[in-house]
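These notes concern the structure reproduced below.
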Amino acid sequence: MDIAYVSELAVNGALTGLLYSLFALGLVLIYKSSSVPNLAQGALTMLAAYVVLALSRQLGFPLWLGIAVTTIIMFLAGFGVEKVTLRRMAGRPIVMILMMTLGLDIFIRGSTLAVWGGTSRSMELGVSYDPLFLGPLLLSRINLAGACVAIALFVAFLLFFRTRRGIRLRAISDDYVASWSIGISVEHGVALSWGMASVVAVASAVIWGEIQGVDQSLSQLLLKGLTVAVLGGLDSIVGAILAGIVLGVIENVGASYLDLVVGGGSRDLIVAAVLIFTVMLRPHGLFGRHDIERV
Amino acid sequence: MNSVEVLYNSVMLAIKGVSIEVPYGGMVALLGSNGAGKSTTLKAISGLLSAERGKVSRGEIRFDGRVIGDNPPQQRVGLGICHVIEGRRVFEHLTPDENLEAAAPMSLSRTRVASEKARIYDYFPRLAERKSSLAGYLSGGEQQMLAIGRALMTQPRLLMLDEPSLGLAPFLVAEIFEIIKRINRDHGLSVLLVEQNALAALDIVSRGYLIENGRVVMHDTAERLKANSDIQEFYLGGSQAKSFHDIKHYRRRKRWLS
């Protein structure tokens, strides 16, 4: 086993992993306030990518302005989706809410297909594809840039959850009846978290759109994002970061060896195995909160 | 006169035309056995019935002369009604400090929030000692204190307490009731207290209502309720000899059954 080769795989895996974490952050934000894994997060991300492209290609906005406007549009869209579809589900069994997010996912995927078609488009951020040499390691520039954006967003959200508004959101995730009883507007808090998750979707849409192009497959990031979120514990931002790095490294290193044996295509297999083993062995994930039981 | 009046009829007829009134700055107890409709009455006033898909189907709820039946719970808190729900329900994964902060209205300035927190810690010094450990690890009594402190952060004018003595040692109940009384005296806060522990409750309130099967069956001053023979028998434990007899009877039956 070649150390330099493995460490290169590991470092690039970790960078990719941080991008999974970025995607998972959107899931975590919604789960934190409403305890629902949002199955539509992949579709929201894809929608954000299409909106960025529509603004910059079809309406001729400069790319940065397109991204900024998309952020606003997506925040309002997330806010609105919660208000229209999920507000009335409050208090219903969780499985109904889950089905609702699945319905949203299919709806958004169907409408983007109808409006923009199935051909792949490129984001063209202007980041060079030349690898970056860091000592003996070869790094991908876009992954590195994406990882920096991801870390910046993580820090921003970690700080946000220490503010009064953030504390209120955490209170909602703890006990929403108790939150009502002290005058917290639970509905508003949940809508806010959907808005924030949609903003995160824009960031991950731009970066992932650049990496793999903008088409329907962008929504399949959900599988990896969900795995990272579950491994991290679903409601922990720090957990999502570390789980992303762990998954990225396992996937990259593992696949490069496993592919030699099975002849390619083992990446998704590894991700699926991680998801299954996490649920079986550690349902709370690495950093998920356990329900506190006093003895 | 600032008063709250509740007149209504609701959820699967859990309560049937209950009328109660809490005078401004007064302390009133709502007594009754399990399932009598005490908690439902409080939820109707705080608006938390909607979280359980209940609703007030008849009658009206007034606070400060204003009909509040249609306001969502967060608006009622804004008006000054705060409900400390049964079973403490503190935010377990937040620290006591954050629990208090979450309850402060967003309109309060940072310095006001800090001074309000200091006031609560003054009432409950035990909370100050443990303000940065997770609330889920506090003892039952501390959690109840935190639940009350959290409610006080919302700047209420009417505080409704649902069974604050539940599952607590008698000396803690006495301590908590003493603090409630002090807050009532210091700030002219109106208190509506729901209790099964009638003995402790009647010691601190001025008036009491007795609810049975969703109806108010008795309404009087605390002294006269304490003296009432029915209340003594059913809610204050009855006479010593009688309960002893019950135990014997129970033992005998158990022998027959086994």
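Note on naming: chains are A, B, ... as they come in the structure tokens, residues start from 1 per chain, ligands start from 1 in the order shown.
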Residues of chain B that approach chain A to 9 Å or less, counting only C-alpha atoms: could you list each one with the shortest pair of atoms and its distance in Å to one decimal, rows by chain and increasing residue number, as a Markdown table?
```
| residue | atom | partner | partner_atom | distance |
| --- | --- | --- | --- | --- |
| B:Ser46 | CA | A:Ser181 | CA | 7.3 |
| B:Gly47 | CA | A:Ser181 | CA | 8.5 |
| B:Leu48 | CA | A:Ser181 | CA | 7.0 |
| B:Ala51 | CA | A:Val177 | CA | 6.9 |
| B:Glu52 | CA | A:Gly91 | CA | 7.9 |
| B:Arg53 | CA | A:Gly91 | CA | 8.5 |
| B:Pro73 | CA | A:Trp180 | CA | 6.2 |
| B:Gln74 | CA | A:Gly183 | CA | 3.9 |
| B:Gln75 | CA | A:Gly183 | CA | 7.0 |
| B:Arg76 | CA | A:Gly183 | CA | 7.6 |
| B:Val77 | CA | A:Gly183 | CA | 5.0 |
| B:Gly78 | CA | A:Gly183 | CA | 6.8 |
| B:Cys82 | CA | A:Ile182 | CA | 6.4 |
| B:His83 | CA | A:Ser181 | CA | 5.8 |
| B:Val84 | CA | A:Ser181 | CA | 7.1 |
| B:Ile85 | CA | A:Ala178 | CA | 7.2 |
| B:Arg88 | CA | A:Ala178 | CA | 8.8 |
| B:Arg89 | CA | A:Ala178 | CA | 6.2 |
| B:Val90 | CA | A:Ala178 | CA | 7.3 |
| B:Phe91 | CA | A:Asp174 | CA | 5.6 |
| B:Glu92 | CA | A:Asp174 | CA | 6.9 |
| B:His93 | CA | A:Asp174 | CA | 6.8 |
| B:Leu94 | CA | A:Ala171 | CA | 7.3 |
| B:Glu98 | CA | A:Ile167 | CA | 6.7 |
| B:Asn99 | CA | A:Ala171 | CA | 7.6 |
| B:Glu101 | CA | A:Arg164 | CA | 6.8 |
| B:Ala102 | CA | A:Arg168 | CA | 5.0 |
| B:Ala103 | CA | A:Ile182 | CA | 5.7 |
| B:Ala104 | CA | A:Ile182 | CA | 8.5 |
| B:Pro105 | CA | A:Gly183 | CA | 7.8 |
| B:Met106 | CA | A:Arg164 | CA | 7.9 |
| B:Gly136 | CA | A:Ile292 | CA | 6.0 |
| B:Tyr137 | CA | A:Arg294 | CA | 6.7 |
| B:Leu138 | CA | A:Arg294 | CA | 8.7 |
| B:Ser139 | CA | A:Arg294 | CA | 8.4 |
| B:Arg150 | CA | A:Ile182 | CA | 7.6 |
| B:Ala151 | CA | A:Ile182 | CA | 6.2 |
| B:Met153 | CA | A:Ile182 | CA | 8.6 |
| B:Thr154 | CA | A:Ile182 | CA | 6.5 |
```
Would you pick out the contacts of region 92-103 of chain A at 9 Å or less, using only C-alpha atoms, so that residues sharing its chain but fewer than 3 positions from it are not included, and give the list as number ranges by chain?
A: 35-41, 85-86, 88-89, 106-108
Taking only C-alpha atoms into account, which of A:Ser198, A:Thr45, A:Ser120, A:Ser193 comes nearest Thr71 (chain A)?
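Nearest to Thr71 (chain A): A:Ser198.
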Which is closest to Thr40 (chain B) among B:Arg215, B:Arg112, B:Arg62, B:Lys131, if we use only C-alpha atoms?
B:Arg215
Just the alpha helix (DSSP H) stuff from region 34-90 of chain A, please, per backbone DSSP, written as JSON, numbers by chain.
{"A": [34, 41, 42, 43, 44, 45, 46, 47, 48, 49, 50, 51, 52, 53, 63, 64, 65, 66, 67, 68, 69, 70, 71, 72, 73, 74, 75, 76, 77, 78, 79, 80, 81]}
So, counting only C-alpha atoms, which residue among B:Glu175, B:Leu30, B:Gly69, B:Asp162 is closest to Ala222 (chain B)?
B:Leu30
Write out as a PyMOL selection string which residues come within 12 Å of Leu125 (chain A) when counting only C-alpha atoms, dropping same-chain ones fewer than 6 positions away.
chain A and resi 52-53+56+62-64+66-67+141-142+145-146+205-211+213
Quick one: residues within 9 Å of Ser236 (chain A), only C-alpha atoms counted, chain neighbours fewer than 3 positions away excluded, as a ChimeraX atom specification?
/A:25,28-29,32,229,232-233,239-241,287-289
For the residues in the current selection, export C-alpha atoms as a compact mmCIF listing (two decimals), in the first residue's frame.
```
# COMPACT_ATOMS: atom_id res chain seq x y z
CA LEU A 25 -26.39 20.75 6.66
CA VAL A 28 -29.84 18.93 9.73
CA LEU A 29 -31.30 22.45 9.88
CA LYS A 32 -33.30 20.32 14.24
CA ALA A 229 -26.77 13.33 8.27
CA GLY A 232 -23.64 12.54 12.18
CA GLY A 233 -26.78 12.12 14.23
CA GLY A 239 -21.74 15.68 13.62
CA ALA A 240 -22.59 16.42 10.00
CA ILE A 241 -19.15 17.94 9.38
CA PHE A 287 -23.17 12.99 17.71
CA GLY A 288 -26.94 12.68 17.79
CA ARG A 289 -28.54 13.59 21.03
```
